[in-house]
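So this one's coords.tsv, TSV, C-alpha atoms:
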chain	number	residue	atom	x	y	z
A	1	MET	CA	0.00	0.00	0.00
A	2	THR	CA	2.87	2.36	0.87
A	3	LYS	CA	4.57	1.59	-2.45
A	4	LEU	CA	1.38	2.33	-4.38
A	5	PHE	CA	0.92	5.61	-2.48
A	6	THR	CA	4.49	6.60	-3.35
A	7	PHE	CA	3.87	5.92	-7.04
A	8	LEU	CA	0.61	7.84	-6.99
A	9	SER	CA	2.34	10.76	-5.29
A	10	PHE	CA	4.91	10.73	-8.07
A	11	ILE	CA	2.15	10.72	-10.67
A	12	PHE	CA	0.45	13.64	-8.95
A	13	ILE	CA	3.68	15.66	-8.88
A	14	THR	CA	4.45	14.83	-12.50
A	15	PHE	CA	0.99	15.73	-13.75
A	16	SER	CA	1.11	18.88	-11.64
A	17	LEU	CA	4.12	19.91	-13.68
A	18	PHE	CA	2.05	19.45	-16.80
A	19	SER	CA	-0.87	21.48	-15.52
A	20	GLN	CA	0.87	24.11	-13.43
A	21	LYS	CA	-0.14	27.68	-14.28
A	22	LEU	CA	2.58	30.25	-14.84
A	23	LYS	CA	2.62	33.29	-12.59
A	24	ILE	CA	3.76	36.64	-13.87
A	25	ASP	CA	5.69	37.28	-10.63
A	26	ASP	CA	7.72	34.13	-11.27
A	27	LEU	CA	8.45	35.14	-14.86
A	28	LEU	CA	9.74	38.52	-13.71
A	29	LEU	CA	12.46	36.74	-11.73
A	30	ILE	CA	14.08	35.57	-14.97
A	31	LYS	CA	17.44	37.25	-15.47
A	32	PRO	CA	17.74	39.02	-18.84
A	33	THR	CA	20.30	38.04	-21.43
A	34	TYR	CA	22.13	41.00	-22.97
A	35	VAL	CA	22.26	40.80	-26.76
A	36	HIS	CA	22.94	42.99	-29.76
A	37	LYS	CA	20.17	44.19	-32.03
A	38	PHE	CA	17.42	41.63	-32.63
A	39	LYS	CA	17.72	39.65	-35.83
A	40	GLU	CA	15.87	36.66	-37.20
A	41	ASP	CA	17.44	33.30	-36.36
A	42	ILE	CA	17.35	30.38	-38.74
A	43	SER	CA	15.08	27.83	-37.10
A	44	ILE	CA	13.20	24.70	-38.07
A	45	TYR	CA	10.21	26.22	-36.26
A	46	GLN	CA	7.99	29.18	-37.04
A	47	THR	CA	7.88	32.43	-35.09
A	48	LEU	CA	5.30	35.14	-34.47
A	49	LYS	CA	6.43	38.66	-33.58
A	50	LEU	CA	4.05	40.67	-31.40
A	51	LYS	CA	5.26	44.26	-31.72
A	52	MET	CA	5.33	47.16	-29.25
A	53	ASP	CA	6.61	50.69	-29.45
A	54	PHE	CA	9.61	51.85	-27.45
A	55	ASN	CA	8.62	52.36	-23.80
A	56	SER	CA	5.06	51.10	-24.44
A	57	PRO	CA	3.27	47.98	-23.10
A	58	GLU	CA	0.64	47.95	-25.88
A	59	ILE	CA	0.78	45.18	-28.48
A	60	THR	CA	0.19	46.81	-31.87
A	61	ASN	CA	-0.70	43.65	-33.85
A	62	GLN	CA	-2.92	41.81	-31.38
A	63	ARG	CA	-5.01	40.10	-34.08
A	64	ASP	CA	-2.00	38.13	-35.25
A	65	ILE	CA	-2.32	36.01	-32.10
A	66	SER	CA	-4.96	33.95	-33.95
A	67	ILE	CA	-2.08	32.31	-35.83
A	68	LEU	CA	-1.22	30.44	-32.64
A	69	LYS	CA	-4.58	28.66	-32.33
A	70	ASP	CA	-3.93	24.94	-31.83
A	71	ALA	CA	-0.17	25.47	-32.18
A	72	GLY	CA	2.44	23.97	-29.88
A	73	ILE	CA	4.25	26.84	-28.15
A	74	LEU	CA	7.95	26.20	-27.62
A	75	LYS	CA	9.47	29.49	-26.52
A	76	VAL	CA	8.53	33.07	-25.65
A	77	GLU	CA	11.17	35.81	-25.83
A	78	LEU	CA	10.57	39.38	-24.65
A	79	TYR	CA	12.84	41.82	-26.47
A	80	TYR	CA	13.45	45.36	-25.23
A	81	THR	CA	16.30	47.88	-25.20
A	82	ALA	CA	18.51	48.34	-22.18
A	83	PHE	CA	18.63	52.06	-22.96
A	84	GLN	CA	16.47	54.28	-20.72
A	85	ILE	CA	15.66	58.01	-20.82
A	86	SER	CA	14.69	58.62	-17.20
A	87	GLU	CA	16.46	57.52	-14.05
A	88	THR	CA	13.08	56.77	-12.50
A	89	PHE	CA	12.16	54.38	-15.31
A	90	SER	CA	11.49	50.80	-14.16
A	91	GLN	CA	12.10	48.06	-16.72
A	92	PRO	CA	10.52	45.35	-14.49
A	93	LYS	CA	7.34	47.44	-14.23
A	94	LEU	CA	7.15	47.81	-18.02
A	95	ASN	CA	7.88	44.11	-18.48
A	96	ARG	CA	5.04	43.26	-16.11
A	97	GLU	CA	2.60	45.41	-18.08
A	98	ARG	CA	3.73	43.84	-21.35
A	99	ILE	CA	3.29	40.31	-20.00
A	100	GLN	CA	-0.11	41.24	-18.57
A	101	ASN	CA	-1.21	42.47	-22.01
A	102	LEU	CA	0.04	39.23	-23.55
A	103	LYS	CA	-1.98	37.26	-21.03
A	104	LYS	CA	-5.13	39.21	-21.93
A	105	ILE	CA	-4.95	38.18	-25.59
A	106	PHE	CA	-3.44	34.72	-25.10
A	107	PRO	CA	-4.43	33.34	-21.63
A	108	ASP	CA	-3.86	29.70	-22.64
A	109	LEU	CA	-0.14	30.41	-22.93
A	110	PHE	CA	0.03	30.74	-19.15
A	111	ASN	CA	-1.35	27.23	-18.66
A	112	GLN	CA	1.59	25.70	-20.52
A	113	SER	CA	4.35	25.08	-18.02
A	114	PHE	CA	6.91	23.60	-20.43
A	115	VAL	CA	7.28	26.74	-22.52
A	116	VAL	CA	10.74	28.34	-22.38
A	117	TRP	CA	10.68	32.04	-21.40
A	118	GLU	CA	13.59	34.40	-22.02
A	119	PHE	CA	14.14	38.14	-21.58
A	120	LYS	CA	16.48	39.72	-24.15
A	121	ALA	CA	17.90	43.17	-23.37
A	122	GLN	CA	19.39	44.80	-26.49
A	123	ASN	CA	22.30	46.96	-25.39
A	124	ASP	CA	23.80	48.41	-28.60
A	125	CYS	CA	21.76	51.61	-28.85
A	126	LYS	CA	22.98	54.83	-27.25
A	127	THR	CA	20.19	57.31	-27.99
A	128	GLU	CA	16.41	57.41	-27.86
A	129	GLU	CA	16.28	57.76	-31.66
A	130	GLU	CA	18.29	54.57	-32.07
A	131	ALA	CA	16.22	52.75	-29.46
A	132	ARG	CA	13.00	53.53	-31.30
A	133	GLU	CA	14.38	51.73	-34.37
A	134	TYR	CA	14.94	48.51	-32.44
A	135	PHE	CA	12.38	45.72	-32.20
A	136	HIS	CA	10.35	45.72	-28.99
A	137	GLY	CA	7.90	42.96	-28.12
A	138	PHE	CA	7.45	39.22	-27.96
A	139	VAL	CA	8.90	36.63	-30.31
A	140	ILE	CA	6.93	33.40	-29.94
A	141	THR	CA	8.40	30.22	-31.40
A	142	TYR	CA	5.81	27.59	-32.20
A	143	LYS	CA	4.97	24.43	-34.08
A	144	PRO	CA	1.72	24.72	-36.05
A	145	LYS	CA	-0.88	21.99	-35.81
A	146	PRO	CA	-0.04	19.33	-38.42
A	147	SER	CA	-2.21	19.25	-41.52
A	148	LYS	CA	-3.68	16.08	-43.01
A	149	GLU	CA	-0.83	16.10	-45.51
A	150	ASP	CA	1.73	16.41	-42.69
A	151	THR	CA	0.18	13.42	-40.94
A	152	ARG	CA	0.18	11.43	-44.18
A	153	LYS	CA	3.89	12.14	-44.67
A	154	GLU	CA	4.63	11.12	-41.09
A	155	ILE	CA	2.81	7.82	-41.56
A	156	VAL	CA	4.64	7.14	-44.82
A	157	GLY	CA	7.96	7.91	-43.14
A	158	ILE	CA	7.23	5.61	-40.20
A	159	SER	CA	6.11	2.79	-42.49
A	160	LYS	CA	9.19	3.14	-44.68
A	161	MET	CA	11.53	2.87	-41.71
A	162	MET	CA	9.70	-0.11	-40.26
A	163	LYS	CA	9.96	-2.00	-43.56
A	164	SER	CA	13.71	-1.46	-43.92
A	165	ASP	CA	15.71	-4.64	-44.53
A	166	SER	CA	18.32	-3.20	-42.19
A	167	LEU	CA	16.06	-4.06	-39.26
A	168	GLY	CA	15.57	-7.68	-40.26
A	169	TYR	CA	13.04	-9.81	-42.08
A	170	ASP	CA	9.80	-11.69	-41.48
A	171	SER	CA	9.91	-15.47	-41.29
A	172	VAL	CA	6.93	-17.80	-41.50
A	173	TYR	CA	7.00	-21.08	-39.63
A	174	THR	CA	4.39	-23.77	-39.02
A	175	VAL	CA	3.58	-25.48	-35.74
A	176	TYR	CA	1.89	-28.87	-36.11
A	177	LYS	CA	-0.38	-30.45	-33.53
A	178	LYS	CA	-2.14	-33.80	-33.46
A	179	ARG	CA	-5.88	-33.65	-33.15
A	180	VAL	CA	-8.18	-36.59	-32.39
A	181	ARG	CA	-11.28	-36.55	-34.57
A	182	LYS	CA	-14.32	-38.72	-33.86
A	183	LYS	CA	-17.22	-39.33	-36.18
A	184	ASN	CA	-20.14	-41.76	-36.57
A	185	VAL	CA	-19.99	-44.10	-39.58
A	186	LYS	CA	-22.43	-46.71	-40.84
A	187	THR	CA	-21.39	-50.31	-40.16
A	188	GLY	CA	-23.57	-51.80	-42.93
A	189	TYR	CA	-25.76	-53.60	-40.43
A	190	TYR	CA	-29.16	-53.00	-38.83
A	191	LEU	CA	-30.23	-53.17	-35.21
A	192	PRO	CA	-33.14	-55.38	-34.08
A	193	VAL	CA	-36.38	-53.80	-32.95
A	194	SER	CA	-36.44	-56.10	-29.93
A	195	LYS	CA	-34.60	-54.70	-26.94
A	196	ARG	CA	-33.75	-58.23	-25.78
A	197	LYS	CA	-32.07	-59.07	-29.09
A	198	ALA	CA	-30.24	-55.74	-29.14
A	199	GLU	CA	-28.80	-56.46	-25.68
A	200	LYS	CA	-27.46	-59.78	-27.02
A	201	GLY	CA	-25.68	-57.90	-29.82
A	202	ILE	CA	-27.73	-59.42	-32.64
A	203	THR	CA	-27.53	-57.50	-35.92
A	204	TYR	CA	-29.04	-58.00	-39.41
A	205	GLU	CA	-27.75	-57.44	-42.91
A	206	LYS	CA	-31.14	-56.21	-44.12
A	207	LYS	CA	-33.58	-53.60	-42.90
A	208	GLY	CA	-36.46	-56.06	-43.02
A	209	VAL	CA	-40.20	-55.46	-42.75
A	210	PHE	CA	-39.81	-54.15	-39.22
A	211	LYS	CA	-37.76	-51.16	-40.47
A	212	ARG	CA	-34.75	-51.88	-38.32
A	213	ARG	CA	-32.50	-48.86	-37.41
A	214	VAL	CA	-29.13	-48.40	-39.08
A	215	GLN	CA	-26.20	-49.32	-36.86
A	216	TYR	CA	-23.46	-46.70	-36.38
A	217	ALA	CA	-19.99	-47.04	-34.94
A	218	ILE	CA	-17.59	-44.34	-33.68
A	219	LYS	CA	-14.49	-44.02	-35.83
A	220	VAL	CA	-11.46	-42.35	-34.26
A	221	ASP	CA	-8.89	-40.62	-36.52
A	222	THR	CA	-5.71	-38.80	-35.57
A	223	VAL	CA	-5.07	-35.85	-37.88
A	224	ARG	CA	-2.07	-33.52	-38.10
A	225	VAL	CA	-3.05	-29.86	-38.12
A	226	GLY	CA	-0.59	-27.07	-38.88
A	227	LYS	CA	-0.85	-23.38	-37.89
A	228	GLN	CA	1.36	-20.71	-39.43
A	229	TYR	CA	3.12	-18.10	-37.31
A	230	HIS	CA	5.09	-15.01	-38.34
A	231	LYS	CA	8.38	-14.34	-36.62
A	232	PHE	CA	10.59	-11.30	-37.09
A	233	ILE	CA	14.27	-12.20	-37.46
A	234	ARG	CA	16.36	-9.33	-36.22
A	235	ASN	CA	19.34	-8.22	-38.31
A	236	LYS	CA	22.64	-8.30	-36.44
A	237	ASP	CA	23.25	-4.66	-37.48
A	238	ALA	CA	19.72	-3.49	-36.59
A	239	MET	CA	20.86	-1.31	-33.69
A	240	SER	CA	23.39	0.50	-35.87
A	241	PHE	CA	20.55	1.33	-38.27
A	242	VAL	CA	18.40	2.57	-35.37
A	243	LYS	CA	21.16	4.85	-34.04
A	244	ARG	CA	21.78	6.33	-37.50
A	245	ASN	CA	18.12	7.13	-38.05
A	246	LEU	CA	16.94	8.38	-34.66
A	247	ASN	CA	17.67	12.00	-33.83
A	248	ASP	CA	16.01	11.41	-30.47
A	249	SER	CA	16.06	8.06	-28.67
A	250	THR	CA	14.21	8.92	-25.45
A	251	VAL	CA	11.51	6.23	-25.63
A	252	PHE	CA	13.81	3.59	-27.09
A	253	ALA	CA	16.46	4.23	-24.41
A	254	VAL	CA	14.00	4.09	-21.49
A	255	LEU	CA	12.44	0.82	-22.65
A	256	ARG	CA	15.87	-0.73	-23.21
A	257	ARG	CA	17.09	0.45	-19.82
A	258	HIS	CA	14.13	-1.05	-17.96
A	259	SER	CA	14.58	-4.61	-19.15
A	260	ASN	CA	12.93	-5.75	-15.90
A	261	TRP	CA	9.54	-4.39	-17.02
A	262	ASN	CA	7.19	-7.16	-18.16
A	263	GLU	CA	3.52	-7.39	-19.13
A	264	ILE	CA	3.53	-3.68	-20.02
A	265	SER	CA	0.46	-1.72	-21.03
A	266	ILE	CA	1.61	1.19	-23.22
A	267	VAL	CA	-0.46	4.40	-23.37
A	268	CYS	CA	0.86	6.69	-26.11
A	269	ASP	CA	-0.04	10.19	-27.33
A	270	VAL	CA	-0.14	10.20	-31.16
A	271	THR	CA	-1.14	13.83	-31.70
A	272	GLY	CA	0.90	16.22	-33.83
A	273	SER	CA	4.66	16.35	-33.11
A	274	MET	CA	4.69	12.88	-31.52
A	275	ALA	CA	5.70	10.98	-34.68
A	276	PRO	CA	9.38	10.68	-33.62
A	277	TYR	CA	8.28	9.01	-30.39
A	278	THR	CA	5.73	6.64	-31.92
A	279	THR	CA	8.49	5.67	-34.36
A	280	GLN	CA	10.77	4.81	-31.44
A	281	LEU	CA	8.00	2.80	-29.79
A	282	LEU	CA	7.36	0.79	-32.97
A	283	LEU	CA	11.08	0.21	-33.53
A	284	TRP	CA	11.53	-1.08	-30.00
A	285	TYR	CA	8.45	-3.28	-30.23
A	286	LYS	CA	9.42	-4.76	-33.60
A	287	LEU	CA	12.91	-5.59	-32.39
A	288	ASN	CA	11.67	-6.96	-29.06
A	289	CYS	CA	8.31	-8.51	-29.99
A	290	ILE	CA	8.99	-11.58	-27.88
A	291	GLY	CA	7.76	-13.09	-24.66
A	292	ASN	CA	5.52	-10.98	-22.47
A	293	LYS	CA	7.26	-7.60	-22.58
A	294	ILE	CA	4.25	-5.67	-23.89
A	295	ASN	CA	0.74	-7.08	-23.77
A	296	TYR	CA	-1.47	-4.07	-24.57
A	297	PHE	CA	-1.43	-0.73	-26.42
A	298	THR	CA	-3.64	2.35	-26.06
A	299	PHE	CA	-3.18	5.27	-28.47
A	300	PHE	CA	-4.98	8.61	-28.10
A	301	ASN	CA	-5.35	11.69	-30.31
A	302	ASP	CA	-7.57	13.98	-28.19
A	303	GLY	CA	-10.93	13.49	-29.81
A	304	ASP	CA	-10.60	12.45	-33.47
A	305	ASN	CA	-10.62	16.13	-34.61
A	306	LYS	CA	-13.79	16.72	-32.62
A	307	PRO	CA	-14.50	20.46	-32.24
A	308	ASP	CA	-13.09	21.73	-28.94
A	309	ARG	CA	-16.50	22.96	-27.77
A	310	LYS	CA	-17.84	19.39	-27.95
A	311	LYS	CA	-15.05	17.82	-25.91
A	312	LYS	CA	-16.19	16.78	-22.44
A	313	ILE	CA	-13.91	15.67	-19.63
A	314	GLY	CA	-13.91	11.88	-19.50
A	315	SER	CA	-15.54	11.39	-22.91
A	316	THR	CA	-13.33	13.31	-25.34
A	317	GLY	CA	-12.59	10.10	-27.24
A	318	GLY	CA	-10.05	9.45	-29.98
A	319	ILE	CA	-8.74	6.44	-28.04
A	320	TYR	CA	-7.65	3.26	-29.84
A	321	ASN	CA	-6.86	-0.03	-28.07
A	322	ILE	CA	-5.25	-3.24	-29.28
A	323	PRO	CA	-3.75	-6.29	-27.56
A	324	ALA	CA	-0.08	-6.89	-28.34
A	325	GLY	CA	1.08	-9.91	-30.31
A	326	ASN	CA	0.69	-8.94	-33.96
A	327	TYR	CA	3.14	-6.20	-34.96
A	328	GLU	CA	1.39	-5.35	-38.24
A	329	ALA	CA	-1.93	-4.90	-36.44
A	330	VAL	CA	-0.31	-2.58	-33.88
A	331	GLU	CA	1.26	-0.43	-36.60
A	332	LYS	CA	-2.07	-0.19	-38.45
A	333	THR	CA	-3.80	0.88	-35.22
A	334	ILE	CA	-1.27	3.70	-34.73
A	335	GLN	CA	-1.85	4.81	-38.33
A	336	LYS	CA	-5.61	4.73	-37.79
A	337	ALA	CA	-5.33	6.85	-34.65
A	338	MET	CA	-3.02	9.35	-36.38
A	339	ASN	CA	-5.27	9.62	-39.45
A	340	ALA	CA	-8.37	10.15	-37.33
A	341	GLY	CA	-7.06	13.31	-35.70
A	342	SER	CA	-4.06	15.15	-34.33
A	343	GLY	CA	-5.50	17.06	-31.42
A	344	GLY	CA	-7.17	20.44	-31.33
A	345	ASP	CA	-6.69	22.72	-28.38
A	346	ALA	CA	-3.28	22.29	-26.75
A	347	PRO	CA	-4.37	20.33	-23.62
A	348	GLU	CA	-5.02	16.62	-24.19
A	349	ASN	CA	-7.02	13.77	-22.65
A	350	ASN	CA	-4.17	11.83	-21.01
A	351	CYS	CA	-6.10	10.72	-17.91
A	352	GLU	CA	-9.08	9.48	-19.93
A	353	ALA	CA	-6.72	7.32	-22.03
A	354	LEU	CA	-5.03	5.95	-18.90
A	355	LEU	CA	-8.34	5.02	-17.30
A	356	ILE	CA	-9.46	3.16	-20.44
A	357	ALA	CA	-6.14	1.30	-20.61
A	358	ILE	CA	-6.47	0.25	-16.96
A	359	LYS	CA	-10.08	-0.85	-17.48
A	360	ASN	CA	-9.21	-2.94	-20.56
A	361	ASN	CA	-6.07	-4.48	-19.12
A	362	PRO	CA	-6.30	-4.31	-15.30
A	363	HIS	CA	-3.78	-7.09	-14.68
A	364	ALA	CA	-0.84	-5.46	-16.47
A	365	LYS	CA	2.23	-5.34	-14.25
A	366	GLU	CA	3.47	-2.01	-15.63
A	367	PHE	CA	1.61	0.95	-17.12
A	368	VAL	CA	3.80	3.24	-19.23
A	369	MET	CA	2.57	6.55	-20.66
A	370	ILE	CA	4.43	8.30	-23.50
A	371	ALA	CA	3.36	11.94	-23.19
A	372	ASP	CA	3.87	15.14	-25.15
A	373	ASN	CA	5.87	17.75	-23.22
A	374	PHE	CA	4.31	20.56	-25.29
A	375	ALA	CA	0.75	19.71	-24.24
A	376	ASN	CA	-0.93	20.21	-20.90
A	377	ILE	CA	-3.48	17.77	-19.50
A	378	LYS	CA	-7.08	18.87	-19.91
A	379	ASP	CA	-8.64	16.18	-17.69
A	380	PHE	CA	-6.39	16.47	-14.63
A	381	GLU	CA	-9.47	16.19	-12.41
A	382	LEU	CA	-9.71	12.49	-13.37
A	383	ILE	CA	-6.36	11.65	-11.78
A	384	LYS	CA	-8.08	10.69	-8.51
A	385	GLN	CA	-9.63	7.74	-10.35
A	386	ILE	CA	-6.24	6.33	-11.39
A	387	ASN	CA	-5.39	3.52	-8.95
A	388	LYS	CA	-2.32	2.05	-10.62
A	389	PRO	CA	1.33	3.16	-10.56
A	390	ILE	CA	2.27	4.84	-13.86
A	391	HIS	CA	5.69	5.25	-15.48
A	392	ILE	CA	5.78	8.44	-17.56
A	393	ILE	CA	8.13	8.98	-20.51
A	394	ILE	CA	8.06	12.63	-21.58
A	395	SER	CA	9.15	13.64	-25.09
A	396	LEU	CA	12.22	15.83	-24.84
A	397	PHE	CA	12.57	19.40	-26.07
A	398	GLN	CA	14.13	19.62	-29.49
A	399	ARG	CA	16.83	22.26	-29.97
A	400	LEU	CA	15.33	25.71	-30.55
Could you render the structure from this file as structure tokens?
Amino acid sequence: MTKLFTFLSFIFITFSLFSQKLKIDDLLLIKPTYVHKFKEDISIYQTLKLKMDFNSPEITNQRDISILKDAGILKVELYYTAFQISETFSQPKLNRERIQNLKKIFPDLFNQSFVVWEFKAQNDCKTEEEAREYFHGFVITYKPKPSKEDTRKEIVGISKMMKSDSLGYDSVYTVYKKRVRKKNVKTGYYLPVSKRKAEKGITYEKKGVFKRRVQYAIKVDTVRVGKQYHKFIRNKDAMSFVKRNLNDSTVFAVLRRHSNWNEISIVCDVTGSMAPYTTQLLLWYKLNCIGNKINYFTFFNDGDNKPDRKKKIGSTGGIYNIPAGNYEAVEKTIQKAMNAGSGGDAPENNCEALLIAIKNNPHAKEFVMIADNFANIKDFELIKQINKPIHIIISLFQRL
């Protein structure tokens, strides 16, 4: 009981990190980084610039915030100039007002605890005229919600990697079993109508006028029945191929490290941006699809593209379950879940998926959730219903 309580406490703390709200007072404690004049960085991600005038907290292009709907926010940078006109000027006070205005137009941002925040003080300018030419405002780095075409490309990429000969090859083998088969066959004789004669074992070659019943005998045959099984034969250089093709190996490394885990029920987020992690899961499963390591999978996409207004806590949906054992069936289930939707609003239905996994496979020895670090949990209130210890693998931040 104590061990279970400890695990549940860990879950509570971990999920609290997901759902923790950011406080402006805490953000103002961030030490600024002194930089030269702001310039665009080359990044694999997209950015939105929310502009302000020198010494003003007002965001001049507030409507542009709509671009961030359903996007995964990675980083928020507040740029300002270190130059000041008055000795009584307070940069922290102005920063507070700017952050407060950002919160007014984008409150959801302050529910996302994994966003990186940075303050950038530009210190090259020497006069007010120069300072007014510098960029002032927020630069928000984000990943847009994947389109249907993005999801299709991800699925194609995953499938191509899984079919690589560098991993190994499928082998078909047959297991034969002997089966005893019994059936009634005619003996060619007829039974007497008289019970007394029947008890003496008397039989007749003809049916006769009394319409004697046909005699049957039980014939026992032993037949050999074969059943085909598919077995994946791992290539000796498979791990070298995996290392060359995985930019991130978080999931793969954790599952390899915990070789003591058995009878695992996997719960995996397959919404946008999670393709690298579902790829790792499939790679590990294909290379280790033996024994009783994993016995159940649950994949969730936060509602199958259901409109956000129709999502209800505990019944958001978009949850796909499949017993382990057939690799091809598992891969098809992931593809089905990905095709059906890739999330909507940033928070996701992690707890609902966990509860369904526990209900469908209550005797699993280990429950492992692969979660998106860019998405908060929308159904945190359901955590009190979770009565199993959960291992949580969080997708790592990619370099910004």
Check which residues of segment 337-373 of chain A sit at most 7 Å from segment 310-327 of chain A using only C-alpha atoms, and return one row each with the closest pair of atoms and their distance in Å to one decimal, ordered by chain and rising number, as a tab-separated table.
residue	atom	partner	partner_atom	distance
A:Ala337	CA	A:Tyr320	CA	6.4
A:Asn349	CA	A:Thr316	CA	6.9
A:Glu352	CA	A:Gly314	CA	5.4
A:Ala353	CA	A:Ile319	CA	6.4
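The spacing separating atom CA of Gly226 of chain A from atom CA of Met162 of chain A amounts to 28.9 Å.
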Which of these, A:Gly201, A:Gly341, A:Lys195, A:Asp248, has the shortest distance to Asp150 of chain A once you count only C-alpha atoms?
-> A:Gly341
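Considering the residues A:Lys197, A:Lys332, A:Lys388, A:Arg257 and counting only C-alpha atoms, Leu282 of chain A has its shortest atom-to-atom contact with A:Lys332.
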Looking at only C-alpha atoms, which of A:Leu48, A:Ile294, A:Val172, A:Val193 is the one that sits closest to Ser265 of chain A?
-> A:Ile294
Applying 10 Å and only C-alpha atoms, which residues near Glu128 of chain A remain after dropping the ones on its own chain fewer than 4 positions away? List them as a compact mmCIF listing (two decimals) with C-alpha atoms, in the coordinates of the input.
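Result went into part28.txt, see below:
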# COMPACT_ATOMS: atom_id res chain seq x y z
CA PHE A 54 9.61 51.85 -27.45
CA THR A 81 16.30 47.88 -25.20
CA PHE A 83 18.63 52.06 -22.96
CA GLN A 84 16.47 54.28 -20.72
CA ILE A 85 15.66 58.01 -20.82
CA ARG A 132 13.00 53.53 -31.30
CA GLU A 133 14.38 51.73 -34.37
All residues 12 Å or closer to Glu328 of chain A, all atoms listed in the file, same chain fewer than 6 positions away omitted, as a VMD selection string | chain A and resid 159 162 to 163 170 230 to 232 282 285 to 286 289 322 334 to 335
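Put simply, atom CA of Tyr169 of chain A is 20.4 Å away from atom CA of Ile155 of chain A.
In this structure, atom CA of Tyr296 of chain A sits 24.6 Å away from atom CA of Asn376 of chain A.
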Can you work out which one of A:Lys211, A:Arg234, A:His258, A:Lys37 has the shortest atom-to-atom distance to Ile393 of chain A, counting all atoms listed in the file?
-> A:His258
Set up a box along x, y and z of the file covering all listed atoms of segment 78-93 of chain A, add 6 Å on every one of the six sides, and write the centre and edge lengths in Å to one decimal, as JSON.
{"center_x": 13.0, "center_y": 49.0, "center_z": -19.5, "size_x": 23.3, "size_y": 31.2, "size_z": 26.0}
Excluding Ser56 of chain A and any residue of its chain fewer than 6 positions from it, enumerate the residues within 9 Å of it, using all atoms listed in the file, and give them as a ChimeraX atom specification.
-> /A:94,97-98,136
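With distances taken over all atoms listed in the file, A:His391 is the one residue among A:His391, A:Arg96, A:Lys39, A:Lys359 lying closest to Val251 of chain A.
Checking A:Arg213, A:Val368, A:Ala340, A:Lys178 one by one against Leu255 of chain A, counting all atoms listed in the file, you find the shortest gap at A:Val368.
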Residues near segment 27-34 of chain A, anyone? I mean within 12 Å using all atoms listed in the file, not counting same-chain ones fewer than 6 positions away, as a PDB file with C-alpha atoms, keeping the file's coordinate frame.
ATOM      1  CA  LYS A  21      -0.140  27.680 -14.280  1.00  0.00           C
ATOM      2  CA  VAL A  76       8.530  33.070 -25.650  1.00  0.00           C
ATOM      3  CA  GLU A  77      11.170  35.810 -25.830  1.00  0.00           C
ATOM      4  CA  LEU A  78      10.570  39.380 -24.650  1.00  0.00           C
ATOM      5  CA  TYR A  79      12.840  41.820 -26.470  1.00  0.00           C
ATOM      6  CA  TYR A  80      13.450  45.360 -25.230  1.00  0.00           C
ATOM      7  CA  THR A  81      16.300  47.880 -25.200  1.00  0.00           C
ATOM      8  CA  ALA A  82      18.510  48.340 -22.180  1.00  0.00           C
ATOM      9  CA  PHE A  83      18.630  52.060 -22.960  1.00  0.00           C
ATOM     10  CA  GLN A  91      12.100  48.060 -16.720  1.00  0.00           C
ATOM     11  CA  PRO A  92      10.520  45.350 -14.490  1.00  0.00           C
ATOM     12  CA  LYS A  93       7.340  47.440 -14.230  1.00  0.00           C
ATOM     13  CA  LEU A  94       7.150  47.810 -18.020  1.00  0.00           C
ATOM     14  CA  ASN A  95       7.880  44.110 -18.480  1.00  0.00           C
ATOM     15  CA  ARG A  96       5.040  43.260 -16.110  1.00  0.00           C
ATOM     16  CA  GLU A  97       2.600  45.410 -18.080  1.00  0.00           C
ATOM     17  CA  ARG A  98       3.730  43.840 -21.350  1.00  0.00           C
ATOM     18  CA  ILE A  99       3.290  40.310 -20.000  1.00  0.00           C
ATOM     19  CA  GLN A 100      -0.110  41.240 -18.570  1.00  0.00           C
ATOM     20  CA  PHE A 110       0.030  30.740 -19.150  1.00  0.00           C
ATOM     21  CA  SER A 113       4.350  25.080 -18.020  1.00  0.00           C
ATOM     22  CA  VAL A 115       7.280  26.740 -22.520  1.00  0.00           C
ATOM     23  CA  VAL A 116      10.740  28.340 -22.380  1.00  0.00           C
ATOM     24  CA  TRP A 117      10.680  32.040 -21.400  1.00  0.00           C
ATOM     25  CA  GLU A 118      13.590  34.400 -22.020  1.00  0.00           C
ATOM     26  CA  PHE A 119      14.140  38.140 -21.580  1.00  0.00           C
ATOM     27  CA  LYS A 120      16.480  39.720 -24.150  1.00  0.00           C
ATOM     28  CA  ALA A 121      17.900  43.170 -23.370  1.00  0.00           C
ATOM     29  CA  GLN A 122      19.390  44.800 -26.490  1.00  0.00           C
ATOM     30  CA  ASN A 123      22.300  46.960 -25.390  1.00  0.00           C
ATOM     31  CA  ASP A 124      23.800  48.410 -28.600  1.00  0.00           C
TER      32      ASP A 124
END
Determine, counting only C-alpha atoms, every residue of protein, DNA or RNA that lies within 7 Å of (3.2, 20.4, -33.5) in the file coordinates, then give the result as a PyMOL selection string.
-> chain A and resi 71-72+143-146+272-273
